[in-house]
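See below for coords_2.cif, which holds mmCIF, C-alpha atoms and all ligand atoms.
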```cif
data_run
loop_
_atom_site.label_atom_id
_atom_site.label_comp_id
_atom_site.auth_asym_id
_atom_site.auth_seq_id
_atom_site.Cartn_x
_atom_site.Cartn_y
_atom_site.Cartn_z
CA MET A 1 6.46 14.85 -25.98
CA ALA A 2 4.36 17.80 -27.12
CA GLU A 3 3.93 16.33 -30.62
CA SER A 4 1.34 13.95 -29.26
CA MET A 5 -0.97 16.83 -28.31
CA ASP A 6 -2.33 16.78 -31.86
CA GLY A 7 -3.48 13.23 -31.25
CA SER A 8 -0.61 11.30 -32.84
CA MET A 9 0.83 8.32 -30.95
CA PRO A 10 3.36 9.40 -28.30
CA ASP A 11 6.66 7.54 -28.04
CA MET A 12 5.88 5.00 -25.34
CA MET A 13 8.45 2.39 -26.33
CA ASN A 14 10.13 2.26 -22.93
CA LEU A 15 6.91 2.36 -20.97
CA ARG A 16 5.40 -0.32 -23.21
CA THR A 17 8.33 -2.63 -22.56
CA ARG A 18 8.33 -1.99 -18.84
CA LEU A 19 4.60 -2.72 -18.63
CA ILE A 20 5.20 -6.19 -20.08
CA HIS A 21 8.50 -7.17 -18.48
CA SER A 22 8.74 -5.50 -15.07
CA GLY A 23 6.88 -8.08 -12.96
CA LEU A 24 8.22 -10.83 -10.73
CA ALA A 25 10.33 -13.73 -11.96
CA ARG A 26 8.33 -16.54 -13.60
CA THR A 27 6.76 -19.09 -11.26
CA ASP A 28 7.63 -22.60 -12.46
CA GLY A 29 8.22 -21.24 -15.96
CA ALA A 30 4.69 -19.86 -16.37
CA ILE A 31 4.67 -17.00 -18.90
CA VAL A 32 1.65 -15.50 -17.14
CA GLN A 33 1.68 -15.31 -13.37
CA PRO A 34 -1.05 -17.56 -11.92
CA VAL A 35 -3.60 -16.45 -9.33
CA PHE A 36 -2.28 -17.33 -5.88
CA GLN A 37 -5.70 -18.16 -4.47
CA THR A 38 -4.48 -18.96 -0.97
CA ALA A 39 -5.09 -17.02 2.22
CA THR A 40 -1.93 -18.16 3.97
CA TYR A 41 1.56 -19.53 3.29
CA GLU A 42 3.76 -22.07 5.02
CA SER A 43 6.37 -20.46 7.28
CA ARG A 44 9.96 -20.85 6.08
CA PRO A 45 12.60 -22.23 8.47
CA GLY A 46 14.14 -19.44 10.52
CA SER A 47 11.48 -16.88 9.53
CA ASP A 48 10.09 -14.49 12.12
CA TYR A 49 6.85 -12.56 12.64
CA ASP A 50 7.68 -9.98 9.94
CA ASP A 51 8.00 -12.75 7.35
CA ILE A 52 4.44 -14.01 7.79
CA ARG A 53 2.65 -14.23 4.46
CA TYR A 54 -1.11 -13.85 4.80
CA LEU A 55 -3.53 -12.37 2.31
CA ARG A 56 -4.64 -9.32 4.32
CA LEU A 57 -1.00 -8.27 4.69
CA ASN A 58 -0.84 -7.46 0.93
CA ASN A 59 2.23 -9.64 0.34
CA SER A 60 1.10 -12.47 -1.94
CA PRO A 61 3.09 -12.98 -5.18
CA ASN A 62 0.22 -11.27 -7.08
CA HIS A 63 0.54 -8.21 -4.82
CA ALA A 64 4.33 -8.19 -5.10
CA ASP A 65 4.17 -8.43 -8.90
CA LEU A 66 1.81 -5.43 -9.10
CA ALA A 67 4.04 -3.41 -6.77
CA ALA A 68 7.05 -4.17 -9.02
CA ARG A 69 5.15 -3.12 -12.17
CA LEU A 70 3.84 0.06 -10.57
CA THR A 71 7.25 1.22 -9.37
CA ALA A 72 8.79 0.39 -12.76
CA ILE A 73 6.28 2.54 -14.70
CA THR A 74 6.12 5.52 -12.32
CA GLY A 75 9.69 5.85 -11.05
CA GLY A 76 8.63 5.37 -7.42
CA ALA A 77 10.65 3.35 -4.89
CA ALA A 78 7.73 1.29 -3.53
CA ALA A 79 4.04 0.67 -4.18
CA VAL A 80 0.99 -1.09 -2.81
CA VAL A 81 -2.42 -1.96 -4.27
CA ALA A 82 -5.70 -1.60 -2.36
CA ALA A 83 -9.28 -2.82 -2.70
CA SER A 84 -10.45 0.38 -4.50
CA GLY A 85 -9.30 3.85 -5.44
CA MET A 86 -11.11 5.24 -2.40
CA ALA A 87 -9.37 2.67 -0.17
CA ALA A 88 -6.01 3.87 -1.53
CA ILE A 89 -6.93 7.54 -0.97
CA SER A 90 -8.52 7.28 2.49
CA THR A 91 -5.84 4.87 3.78
CA THR A 92 -3.02 7.09 2.52
CA LEU A 93 -4.53 10.20 4.11
CA MET A 94 -5.07 8.35 7.40
CA ALA A 95 -1.46 7.11 7.29
CA LEU A 96 -0.04 10.60 6.68
CA LEU A 97 -2.36 12.69 8.90
CA LYS A 98 -3.29 12.54 12.58
CA SER A 99 -5.50 14.56 14.90
CA GLY A 100 -4.35 18.21 14.95
CA ASP A 101 -2.93 18.10 11.43
CA HIS A 102 -4.14 20.18 8.48
CA ILE A 103 -4.53 19.33 4.79
CA LEU A 104 -4.79 21.62 1.76
CA ALA A 105 -6.94 20.09 -0.97
CA GLN A 106 -7.88 21.20 -4.47
CA ASP A 107 -11.51 22.34 -4.61
CA CYS A 108 -12.55 20.20 -7.60
CA LEU A 109 -11.34 16.77 -6.42
CA TYR A 110 -13.22 13.50 -7.06
CA GLY A 111 -16.56 13.50 -5.17
CA GLY A 112 -15.66 10.57 -2.90
CA THR A 113 -12.40 12.25 -1.90
CA LEU A 114 -14.18 15.53 -1.15
CA SER A 115 -16.78 13.66 0.95
CA PHE A 116 -14.00 11.93 2.91
CA LEU A 117 -12.37 15.32 3.52
CA SER A 118 -15.59 17.10 4.52
CA GLU A 119 -17.14 14.30 6.63
CA ASP A 120 -14.52 11.80 7.85
CA ALA A 121 -11.36 13.89 8.21
CA PRO A 122 -12.90 16.47 10.61
CA ALA A 123 -14.32 13.62 12.73
CA MET A 124 -10.70 12.41 13.12
CA GLY A 125 -9.54 15.88 14.20
CA ILE A 126 -7.96 16.68 10.85
CA ALA A 127 -8.53 20.26 9.58
CA VAL A 128 -9.22 20.75 5.87
CA ASP A 129 -8.97 23.79 3.60
CA THR A 130 -9.76 23.75 -0.11
CA ILE A 131 -7.80 25.84 -2.61
CA ASP A 132 -8.06 26.85 -6.26
CA GLY A 133 -5.32 24.82 -7.96
CA ASP A 134 -4.65 27.66 -10.35
CA ALA A 135 -4.24 30.48 -7.80
CA CYS A 136 -0.85 29.77 -6.21
CA ASP A 137 -0.61 33.29 -4.75
CA ALA A 138 -3.64 32.52 -2.57
CA TRP A 139 -2.27 29.26 -1.11
CA VAL A 140 0.02 30.93 1.41
CA ALA A 141 -2.98 32.51 3.20
CA LYS A 142 -4.39 29.01 3.83
CA VAL A 143 -1.21 27.17 4.88
CA ARG A 144 -0.66 26.51 8.61
CA ASP A 145 2.22 25.28 10.77
CA SER A 146 0.20 22.07 11.05
CA THR A 147 -0.21 21.58 7.27
CA ARG A 148 1.16 18.11 6.47
CA VAL A 149 -0.39 17.22 3.10
CA PHE A 150 -1.32 19.04 -0.13
CA LEU A 151 -3.67 16.96 -2.31
CA VAL A 152 -4.39 17.65 -5.99
CA GLU A 153 -5.45 15.78 -9.15
CA SER A 154 -3.66 15.79 -12.49
CA LEU A 155 -6.82 16.54 -14.53
CA SER A 156 -10.13 17.58 -13.01
CA ASN A 157 -13.49 15.97 -13.68
CA PRO A 158 -15.36 16.86 -15.90
CA THR A 159 -13.79 20.06 -17.28
CA LEU A 160 -10.18 18.75 -17.46
CA ARG A 161 -8.59 21.65 -15.58
CA VAL A 162 -4.88 21.25 -14.79
CA ALA A 163 -3.70 22.73 -11.47
CA ASP A 164 -0.42 24.64 -11.33
CA LEU A 165 1.37 21.37 -10.54
CA GLU A 166 4.91 22.80 -10.74
CA SER A 167 3.99 25.39 -8.10
CA VAL A 168 2.41 22.70 -5.89
CA VAL A 169 5.73 20.81 -5.83
CA ALA A 170 7.78 23.96 -5.14
CA PHE A 171 5.33 25.18 -2.45
CA CYS A 172 5.46 21.82 -0.63
CA ARG A 173 9.26 21.45 -0.91
CA GLU A 174 9.78 24.88 0.62
CA ARG A 175 7.59 24.05 3.61
CA GLY A 176 8.21 20.33 4.20
CA ILE A 177 4.63 19.46 3.18
CA ILE A 178 3.93 16.05 1.57
CA SER A 179 2.63 16.57 -1.99
CA VAL A 180 0.05 13.97 -3.03
CA ILE A 181 -1.48 13.64 -6.49
CA ASP A 182 -4.39 11.54 -7.68
CA ASN A 183 -3.11 10.77 -11.18
CA THR A 184 -6.09 8.64 -12.23
CA PHE A 185 -7.23 10.85 -15.14
CA ALA A 186 -3.81 11.29 -16.78
CA SER A 187 -2.55 7.76 -15.99
CA PRO A 188 1.18 6.94 -15.95
CA ALA A 189 1.04 6.72 -19.75
CA ASN A 190 0.50 10.49 -20.03
CA PHE A 191 2.06 11.90 -16.87
CA ARG A 192 4.62 10.73 -14.29
CA PRO A 193 4.29 13.09 -11.31
CA LEU A 194 6.96 11.37 -9.15
CA GLU A 195 9.56 12.23 -11.80
CA MET A 196 8.47 15.87 -11.54
CA GLY A 197 8.87 15.91 -7.73
CA PHE A 198 5.55 14.83 -6.22
CA ASP A 199 5.98 12.71 -3.07
CA VAL A 200 2.98 10.40 -3.45
CA GLU A 201 1.06 9.23 -6.54
CA LEU A 202 -2.38 7.62 -6.17
CA HIS A 203 -4.72 5.95 -8.65
CA SER A 204 -8.12 4.50 -8.94
CA ALA A 205 -6.75 1.46 -10.81
CA THR A 206 -10.40 0.75 -11.66
CA LYS A 207 -9.93 3.22 -14.52
CA TYR A 208 -7.00 3.31 -16.98
CA LEU A 209 -4.59 0.99 -15.15
CA ASN A 210 -7.00 -1.94 -15.41
CA GLY A 211 -8.81 -0.53 -18.43
CA HIS A 212 -11.55 -3.15 -18.85
CA SER A 213 -14.33 -1.99 -16.49
CA ASP A 214 -14.34 -5.37 -14.71
CA LEU A 215 -12.93 -4.65 -11.23
CA VAL A 216 -12.35 -1.94 -8.63
CA ALA A 217 -8.83 -1.40 -7.30
CA GLY A 218 -6.52 1.36 -6.15
CA CYS A 219 -2.80 1.89 -5.74
CA VAL A 220 -0.26 4.14 -4.03
CA ILE A 221 3.32 4.72 -5.22
CA SER A 222 5.91 6.65 -3.21
CA SER A 223 9.12 6.29 -1.15
CA ARG A 224 9.75 3.11 0.88
CA GLU A 225 9.16 5.02 4.11
CA ILE A 226 5.74 6.36 3.07
CA ILE A 227 4.59 3.06 1.53
CA GLU A 228 5.56 1.24 4.74
CA LYS A 229 3.28 3.60 6.65
CA VAL A 230 0.46 3.12 4.12
CA ILE A 231 0.77 -0.69 4.25
CA HIS A 232 0.79 -0.61 8.05
CA LYS A 233 -2.50 1.36 8.00
CA LEU A 234 -3.94 -0.79 5.20
CA ASN A 235 -3.23 -3.93 7.25
CA HIS A 236 -5.32 -2.44 10.07
CA LEU A 237 -8.16 -1.24 7.86
CA GLY A 238 -8.15 -4.48 5.87
CA ALA A 239 -8.87 -3.07 2.39
CA THR A 240 -6.78 -5.73 0.63
CA LEU A 241 -7.17 -6.42 -3.09
CA ASP A 242 -8.37 -9.98 -3.73
CA PRO A 243 -5.84 -12.16 -5.63
CA HIS A 244 -8.17 -12.73 -8.57
CA ALA A 245 -8.67 -8.98 -8.93
CA CYS A 246 -4.84 -8.66 -8.69
CA PHE A 247 -4.53 -11.14 -11.56
CA LEU A 248 -7.00 -9.19 -13.72
CA LEU A 249 -5.20 -5.93 -12.93
CA GLN A 250 -1.83 -7.53 -13.80
CA ARG A 251 -3.30 -8.53 -17.16
CA GLY A 252 -5.03 -5.20 -17.81
CA MET A 253 -1.96 -3.09 -17.02
CA LYS A 254 0.14 -4.75 -19.73
CA THR A 255 -1.81 -2.88 -22.44
CA LEU A 256 -2.02 0.48 -20.63
CA ALA A 257 0.19 2.38 -23.07
CA LEU A 258 -1.56 1.02 -26.18
CA ARG A 259 -5.02 1.71 -24.81
CA VAL A 260 -4.24 5.21 -23.56
CA ALA A 261 -2.50 6.19 -26.82
CA GLN A 262 -5.70 5.25 -28.68
CA GLN A 263 -7.87 7.03 -26.10
CA ASN A 264 -5.73 10.20 -26.39
CA GLU A 265 -6.18 10.08 -30.14
CA ASN A 266 -9.93 9.35 -30.01
CA ALA A 267 -10.65 12.08 -27.44
CA SER A 268 -8.60 14.64 -29.33
CA TYR A 269 -10.41 13.79 -32.59
CA LEU A 270 -13.88 13.82 -31.00
CA ALA A 271 -13.17 17.11 -29.21
CA GLN A 272 -12.22 18.73 -32.50
CA ARG A 273 -15.24 17.40 -34.39
CA LEU A 274 -17.67 18.26 -31.55
CA ALA A 275 -16.31 21.82 -31.38
CA GLY A 276 -17.33 22.31 -35.02
CA HIS A 277 -20.91 21.04 -34.61
CA PRO A 278 -23.70 23.67 -34.45
CA ALA A 279 -25.58 21.79 -31.66
CA VAL A 280 -22.51 22.02 -29.39
CA ALA A 281 -21.98 25.25 -27.44
CA HIS A 282 -18.57 24.47 -25.94
CA VAL A 283 -16.05 21.62 -25.61
CA ASN A 284 -13.67 21.04 -22.67
CA TYR A 285 -10.50 19.21 -23.68
CA PRO A 286 -6.94 20.47 -23.14
CA THR A 287 -5.69 19.87 -26.71
CA LEU A 288 -8.16 22.57 -27.86
CA ALA A 289 -6.52 26.00 -28.06
CA ASP A 290 -9.37 27.67 -26.11
CA HIS A 291 -8.93 25.42 -23.04
CA PRO A 292 -7.67 27.55 -20.10
CA HIS A 293 -4.80 25.11 -19.42
CA HIS A 294 -3.90 24.21 -23.00
CA GLU A 295 -0.27 25.38 -22.67
CA ARG A 296 0.26 23.80 -19.25
CA ALA A 297 -1.12 20.47 -20.41
CA ARG A 298 1.08 20.58 -23.51
CA ARG A 299 4.12 21.21 -21.32
CA LEU A 300 3.42 18.58 -18.64
CA PHE A 301 1.55 15.73 -20.34
CA SER A 302 2.27 13.53 -23.34
CA GLY A 303 -1.48 13.28 -23.96
CA CYS A 304 -4.68 14.37 -22.22
CA GLY A 305 -6.45 11.05 -21.72
CA GLY A 306 -9.86 9.79 -22.73
CA VAL A 307 -12.23 12.14 -20.89
CA LEU A 308 -13.75 15.23 -22.49
CA SER A 309 -16.99 17.12 -21.94
CA PHE A 310 -19.25 19.33 -24.05
CA ASP A 311 -22.25 21.63 -23.59
CA VAL A 312 -25.27 20.90 -25.75
CA VAL A 313 -27.19 23.90 -27.10
CA GLY A 314 -30.60 23.83 -25.41
CA GLY A 315 -29.46 22.67 -21.94
CA GLY A 316 -30.35 19.60 -19.89
CA VAL A 317 -33.32 18.32 -21.89
CA ALA A 318 -31.49 18.58 -25.21
CA ALA A 319 -28.36 16.97 -23.71
CA GLN A 320 -30.37 14.04 -22.36
CA GLU A 321 -31.99 13.56 -25.78
CA VAL A 322 -28.57 13.50 -27.44
CA MET A 323 -27.37 10.89 -24.92
CA ASP A 324 -30.51 8.80 -25.46
CA ARG A 325 -29.88 8.75 -29.24
CA LEU A 326 -26.33 7.40 -28.87
CA GLN A 327 -26.00 3.76 -29.90
CA LEU A 328 -22.34 2.93 -29.20
CA ALA A 329 -21.78 5.00 -26.08
CA ALA A 330 -23.61 3.74 -22.97
CA ASP A 331 -24.85 6.07 -20.21
CA ALA A 332 -22.80 4.91 -17.21
CA PRO A 333 -20.38 6.28 -14.61
CA SER A 334 -16.63 5.49 -14.57
CA LEU A 335 -13.97 5.92 -17.25
CA GLY A 336 -10.78 4.46 -18.62
CA GLY A 337 -12.30 1.26 -20.05
CA VAL A 338 -12.08 0.06 -23.64
CA GLU A 339 -15.73 1.01 -24.29
CA THR A 340 -17.01 4.58 -24.60
CA LEU A 341 -19.30 5.79 -21.79
CA VAL A 342 -21.24 9.03 -21.39
CA SER A 343 -22.82 10.73 -18.39
CA ARG A 344 -24.39 14.04 -17.39
CA PRO A 345 -22.39 15.31 -14.38
CA ALA A 346 -25.28 17.54 -13.20
CA VAL A 347 -27.41 14.45 -12.54
CA SER A 348 -24.64 11.95 -11.72
CA SER A 349 -21.16 12.72 -10.29
CA HIS A 350 -22.10 16.26 -9.20
CA ALA A 351 -25.82 15.75 -8.39
CA GLY A 352 -25.12 16.33 -4.68
CA GLN A 353 -23.97 19.90 -5.28
CA SER A 354 -26.13 23.01 -5.64
CA PRO A 355 -26.65 24.55 -9.12
CA GLU A 356 -24.46 27.48 -7.95
CA GLN A 357 -21.62 25.16 -6.88
CA ARG A 358 -21.88 23.35 -10.19
CA ALA A 359 -21.90 26.62 -12.14
CA ALA A 360 -18.67 27.65 -10.37
CA LEU A 361 -17.08 24.41 -11.67
CA GLY A 362 -18.38 24.99 -15.22
CA ILE A 363 -20.98 22.22 -14.95
CA GLY A 364 -24.30 23.22 -16.51
CA ALA A 365 -27.38 21.00 -16.95
CA GLY A 366 -26.48 20.54 -20.63
CA LEU A 367 -22.94 19.28 -20.02
CA VAL A 368 -22.21 15.77 -21.31
CA ARG A 369 -19.07 13.94 -20.18
CA VAL A 370 -17.55 11.43 -22.56
CA ALA A 371 -15.09 8.77 -21.39
CA VAL A 372 -13.83 7.44 -24.72
CA GLY A 373 -12.78 3.88 -25.31
CA ILE A 374 -10.56 2.38 -27.97
CA GLU A 375 -13.17 2.04 -30.74
CA ALA A 376 -12.41 3.53 -34.18
CA ALA A 377 -12.67 7.32 -33.90
CA GLU A 378 -14.74 7.61 -37.12
CA ASP A 379 -17.36 5.22 -35.75
CA LEU A 380 -17.56 7.15 -32.50
CA TRP A 381 -17.92 10.44 -34.34
CA ALA A 382 -20.62 8.99 -36.59
CA ASP A 383 -22.56 7.99 -33.44
CA PHE A 384 -22.22 11.45 -31.86
CA ALA A 385 -22.88 13.31 -35.14
CA ARG A 386 -26.13 11.38 -35.71
CA ALA A 387 -27.25 11.99 -32.12
CA LEU A 388 -26.45 15.71 -32.38
CA ASP A 389 -28.02 16.12 -35.82
CA GLY A 390 -31.26 14.83 -34.31
CA ALA A 391 -31.14 17.74 -31.87
CA ARG A 392 -31.48 20.23 -34.73
CA LYS A 393 -34.75 18.85 -36.12
C1 LIG A 401 -12.97 6.75 -9.70
C2 LIG A 401 -12.04 7.69 -9.04
C3 LIG A 401 -11.69 7.54 -7.69
C4 LIG A 401 -12.29 6.44 -6.82
O1 LIG A 401 -11.87 5.20 -7.24
P1 LIG A 401 -12.69 3.82 -6.93
O2 LIG A 401 -11.83 2.80 -7.58
O3 LIG A 401 -14.04 3.98 -7.54
O4 LIG A 401 -12.76 3.70 -5.45
C5 LIG A 401 -10.78 8.42 -7.15
N1 LIG A 401 -10.25 9.43 -7.88
C6 LIG A 401 -10.59 9.61 -9.17
C7 LIG A 401 -9.98 10.76 -9.91
C8 LIG A 401 -11.48 8.76 -9.80
O5 LIG A 401 -11.82 8.97 -11.08
#
```
Just give me the structure of the file as structure tokens.
Ligand SMILES: *Cc1c(COP(=O)(O)O)cnc(C)c1O
Amino acid sequence: MAESMDGSMPDMMNLRTRLIHSGLARTDGAIVQPVFQTATYESRPGSDYDDIRYLRLNNSPNHADLAARLTAITGGAAAVVAASGMAAISTTLMALLKSGDHILAQDCLYGGTLSFLSEDAPAMGIAVDTIDGDACDAWVAKVRDSTRVFLVESLSNPTLRVADLESVVAFCRERGIISVIDNTFASPANFRPLEMGFDVELHSATKYLNGHSDLVAGCVISSREIIEKVIHKLNHLGATLDPHACFLLQRGMKTLALRVAQQNENASYLAQRLAGHPAVAHVNYPTLADHPHHERARRLFSGCGGVLSFDVVGGGVAAQEVMDRLQLAADAPSLGGVETLVSRPAVSSHAGQSPEQRAALGIGAGLVRVAVGIEAAEDLWADFARALDGARK
């Protein structure tokens, strides 16, 4: 798989086929599954309470089709979709943790996840400790008898750090802790954590899985036992994905492997070109040899995804000017869509943190995050080169 680290197309033949053919059997011969826009279903003769089909219970044919596709592409035994990535994350944590329990969480997780852990979890009597995903020797000092869950991400935002994921799995196995990974940034096209031993895989399906920036959704993939617990909690909290959004996600997922292969290639190319530009001080992308987790990413992933970040010489003002000169790339949050987006983490995703906290994460005022789309790499580079050249005048 390592060949793809230079940006060439990874061998996704099997995944590509599974993405197209792993759904439910055809309804009335329809090649594309229709939207089942109905809140409730007629009871079948002899059915009991557990057989009730009702939209909030996440068991429409659109939901079942997505669950089948998600298990087929990740290697999990069962899956469920939710109304957003945050719904998937908070519901899963509430299903796995109760008052008196403790969770270990990586210190650079998605902002919404960190807010849930710092504000909502303690209010539910759940204790939280954050850890450096790279410092496995320090984890043992933080673990407790009550530790139930260890939560990490496959690639961190916006500096693309990769935690010591092999050690996370071993650490959890040894202690009977449930290992949970938010695999949004790598996507199942680049990394399949369940195959490597993680217990639970989560996604903001808003990003790569859907890939078209036109819905919010989340998903959880795991064992039958864990997914049953998550669905039970989801049914109480009510964060069900609407059938039309299910339909769009079913459609978007079919091209996941093609889109992500192009995004891997585009990001790798842009990272290399940006690193050679005099107006750029530093580039964060794991295919670059100077990235702190270059070797780990090469070993674990078949590609590094579409997000990279770079520091503009001259800091925040210069970075904003570069962003303002871009014509193809729009200044907007989110990632994983077919169109390239840029943002400045210091004034967007990480604006709530102090300059010191941001500095510790490698986020200066002049850092620009790029979430590349599937445009032609030369056109993207021409846009960035022109915007950066302007900075030198
Ligand atoms: C966007 C994102 C989320 C939250 O997902 P929503 O669909 O916006 O609720 C969670 N984790 C990561 C890594 C994300 O990028």
Q) Which residues come within 6 Å of stretch 170-187 of chain A, counting all atoms listed in the file, excluding same-chain residues fewer than 5 positions away, as a list in words? A)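 Listing them by chain and then by number gives Arg148, Val149, Phe150, Leu151, Val152, Glu153, Ser154, Leu155, Phe198, Asp199, Val200, Glu201, Leu202, His203, Ser204 and Gly305 of chain A.
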Save out the residues we just selected, C-alpha atoms, as an mmCIF file, in the coordinates of the input.
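out.cif written:
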```
data_model
loop_
_atom_site.group_PDB
_atom_site.id
_atom_site.type_symbol
_atom_site.label_atom_id
_atom_site.label_comp_id
_atom_site.auth_asym_id
_atom_site.auth_seq_id
_atom_site.Cartn_x
_atom_site.Cartn_y
_atom_site.Cartn_z
ATOM 1 C CA ARG A 148 1.160 18.110 6.470
ATOM 2 C CA VAL A 149 -0.390 17.220 3.100
ATOM 3 C CA PHE A 150 -1.320 19.040 -0.130
ATOM 4 C CA LEU A 151 -3.670 16.960 -2.310
ATOM 5 C CA VAL A 152 -4.390 17.650 -5.990
ATOM 6 C CA GLU A 153 -5.450 15.780 -9.150
ATOM 7 C CA SER A 154 -3.660 15.790 -12.490
ATOM 8 C CA LEU A 155 -6.820 16.540 -14.530
ATOM 9 C CA PHE A 198 5.550 14.830 -6.220
ATOM 10 C CA ASP A 199 5.980 12.710 -3.070
ATOM 11 C CA VAL A 200 2.980 10.400 -3.450
ATOM 12 C CA GLU A 201 1.060 9.230 -6.540
ATOM 13 C CA LEU A 202 -2.380 7.620 -6.170
ATOM 14 C CA HIS A 203 -4.720 5.950 -8.650
ATOM 15 C CA SER A 204 -8.120 4.500 -8.940
ATOM 16 C CA GLY A 305 -6.450 11.050 -21.720
#
```
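Minimum atom-to-atom distances from A:Leu341, A:Ala205, A:Leu258, A:Leu274 to ligand LIG 401 (chain A) were compared using all atoms listed in the file, and the lowest value belongs to A:Ala205.
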Q) Taking into account all atoms listed in the file, which residue in the set A:Gly133, A:Gly23, A:Gly390, A:Gly316 is nearest to A:Pro61? A)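 Closest to A:Pro61 of all the choices is A:Gly23.
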(Q) Please find the residues contacting ligand LIG 401 (chain A) at a distance of at most 6 Å between atoms, with all atoms listed in the file counted, and report them as a PyMOL selection string. (A) chain A and resi 84-86+110+184-185+204+206+216-218
Q. Do you know which residues are at most 7 Å from A:Val307 counting only C-alpha atoms, after dropping those on the same chain fewer than 2 positions away, and could you put them as a VMD selection string?
A. chain A and resid 267 305 309 370 to 372
